[in-house]
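Below you'll find the structure, written out as structure tokens, and then a few comments.
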Amino acid sequence: MSIKHNTKAGFKLLFDFWGKYHTIDHFHYQWVKDNLKVKIVKRGEQLSPADRHSEMTYFVAKGLLARVEENTETGKRKIMSLAIPNMALMTTNHLYTHHLHSGHIVALRSGIIIAIPHPVLRQFQEQEKSIDTLIDVLGNKKKRQLVLLRQATLGYSPFERYLNFTRLLSEIKAATTQVEQADLLGISRHTVQQAQYFLLTGKYAQK
């Protein structure tokens with residue numbers, strides 16, 4: 001598929017999502033065309049290096065994004081949050097700050113990402129209710145994920161964390177690998193495998 005067709009596909013997926021919450025008209029098509037950019041990303045591609053001062057929201061039309069931090073001493077990766085299709089990650093803490101998140105945003109899967117500059121969102125948010133709605137919906141989806149992730153992990157053993165994770169965040173589980181799940185929950189892959197065996201058989205794996 002050509003870049004041109006990928007661009008059209010990316011915008012279509014954005015409008016399909018946005019249209020669930022607000023009527024889409026000519027203004028929205030023009031606004032997106034003038035201000036937003038489609039990025040075709042490959043697995044492992046880094047969208048926002050920690051040293052790049054870029055205030056951006058990345059909407060996932062297709063694929064999987066993660067906010068990742070790495071321990072410089074051990075090289076161990078920690079996934080701080082994820083965005084599956086119809087979710088987004090910000091490079092900043094929120095829309096009205098210039099403070100960048102630590103770590104960086106990376107594509108865990110090849111896909112189609114819509115880059116939305118924060119200055120554009122701030123400019124049109126108060127003038128156009130539909131853009132305010134888009135910001136709120138994306139923000140609420142991310143908040144809900146973080147609340148459920150905290151609920152699943154806080155105060156629990158590694159084994160219990162995974163059981164809670166499968167119950168509370170089934171969409172994220174379905175979209176991720178064992179290694180990614182371990183990096184998100186702060187547990188070992190071995191624990192993930194043990195918990196999956198228990199969920200499948202109702203028995204604890206023999207040591």
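Residues in the structure tokens are named by chain (A, B, ... in the order shown) and by number from 1 within that chain; ligands are numbered from 1 in the order shown.
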Nearby residues (only C-alpha atoms) at most 12 Å from Arg161 of chain A, same-chain spacing under 6 positions excluded, as a VMD selection string: chain A and resid 148 to 155 167 to 169 181 to 182 184 to 188 191 to 192 195 to 196
Which residues are near segment 62-79 of chain A? Cut-off 6 Å, only C-alpha atoms, ignore same chain within fewer than 3 positions. Put them as a PDB file with C-alpha atoms, in the first residue's frame.
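The new file out-v9.pdb reads:
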ATOM      1  CA  LEU A  82       0.360   1.628  26.396  1.00  0.00           C
ATOM      2  CA  ALA A  83      -1.891   2.828  23.597  1.00  0.00           C
ATOM      3  CA  ILE A  84      -3.815   0.324  21.492  1.00  0.00           C
ATOM      4  CA  PRO A  85      -5.904   1.485  18.490  1.00  0.00           C
ATOM      5  CA  GLY A 103      11.557   8.127  28.739  1.00  0.00           C
ATOM      6  CA  HIS A 104      10.302   7.955  25.187  1.00  0.00           C
ATOM      7  CA  ILE A 105       7.436   6.702  23.048  1.00  0.00           C
ATOM      8  CA  VAL A 106       8.162   3.669  20.906  1.00  0.00           C
ATOM      9  CA  ALA A 107       6.155   1.587  18.432  1.00  0.00           C
ATOM     10  CA  LEU A 108       5.810  -1.982  19.691  1.00  0.00           C
ATOM     11  CA  ARG A 109       4.070  -2.906  16.428  1.00  0.00           C
ATOM     12  CA  SER A 110       4.233  -1.531  12.909  1.00  0.00           C
ATOM     13  CA  GLY A 111       1.243   0.663  12.254  1.00  0.00           C
ATOM     14  CA  ILE A 112      -0.340   4.009  11.452  1.00  0.00           C
ATOM     15  CA  ASP A 183       7.615  -5.112  31.505  1.00  0.00           C
ATOM     16  CA  LEU A 184       4.269  -3.369  32.076  1.00  0.00           C
TER      17      LEU A 184
END
Quick one: pull the distance between atom CA of Asn6 of chain A and atom CA of Met87 of chain A, Å, one decimal. 18.5 Å
Exercise: Tyr204 of chain A partners within 9 Å, only C-alpha atoms, chain neighbours under 3 positions left out, as a ChimeraX atom specification: /A:194-195,197-198,201,207
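Among the candidates A:Thr177, A:Ser130, A:Ser157, A:Gln145, the one nearest to Tyr21 of chain A when counting only C-alpha atoms is A:Ser130.
Using only C-alpha atoms, the contacts of Val32 of chain A at a cut-off of 10 Å, with sequence neighbours closer than 2 positions omitted, comprise Phe11, Leu14, Phe15, Phe27, His28, Tyr29, Gln30, Asp34, Asn35, Leu36, Lys37, Val38, Ile114 and Ile116 of chain A.
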Calculate how many Å separate atom CA of Arg189 of chain A from atom CA of Asn86 of chain A, rounding to one decimal. 27.5 Å
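Neighbours of His22 of chain A closer than or equal to 9 Å, with only C-alpha atoms counted and sequence neighbours fewer than 2 positions away skipped, come out as Trp18, Gly19, Lys20, Ile24, Lys129, Ser130, Thr133 and Leu134 of chain A.
Between Arg144 of chain A and the candidates A:Phe124, A:Lys42, A:Ser81, A:Glu180, the tightest atom-to-atom separation, counting only C-alpha atoms, involves A:Ser81.
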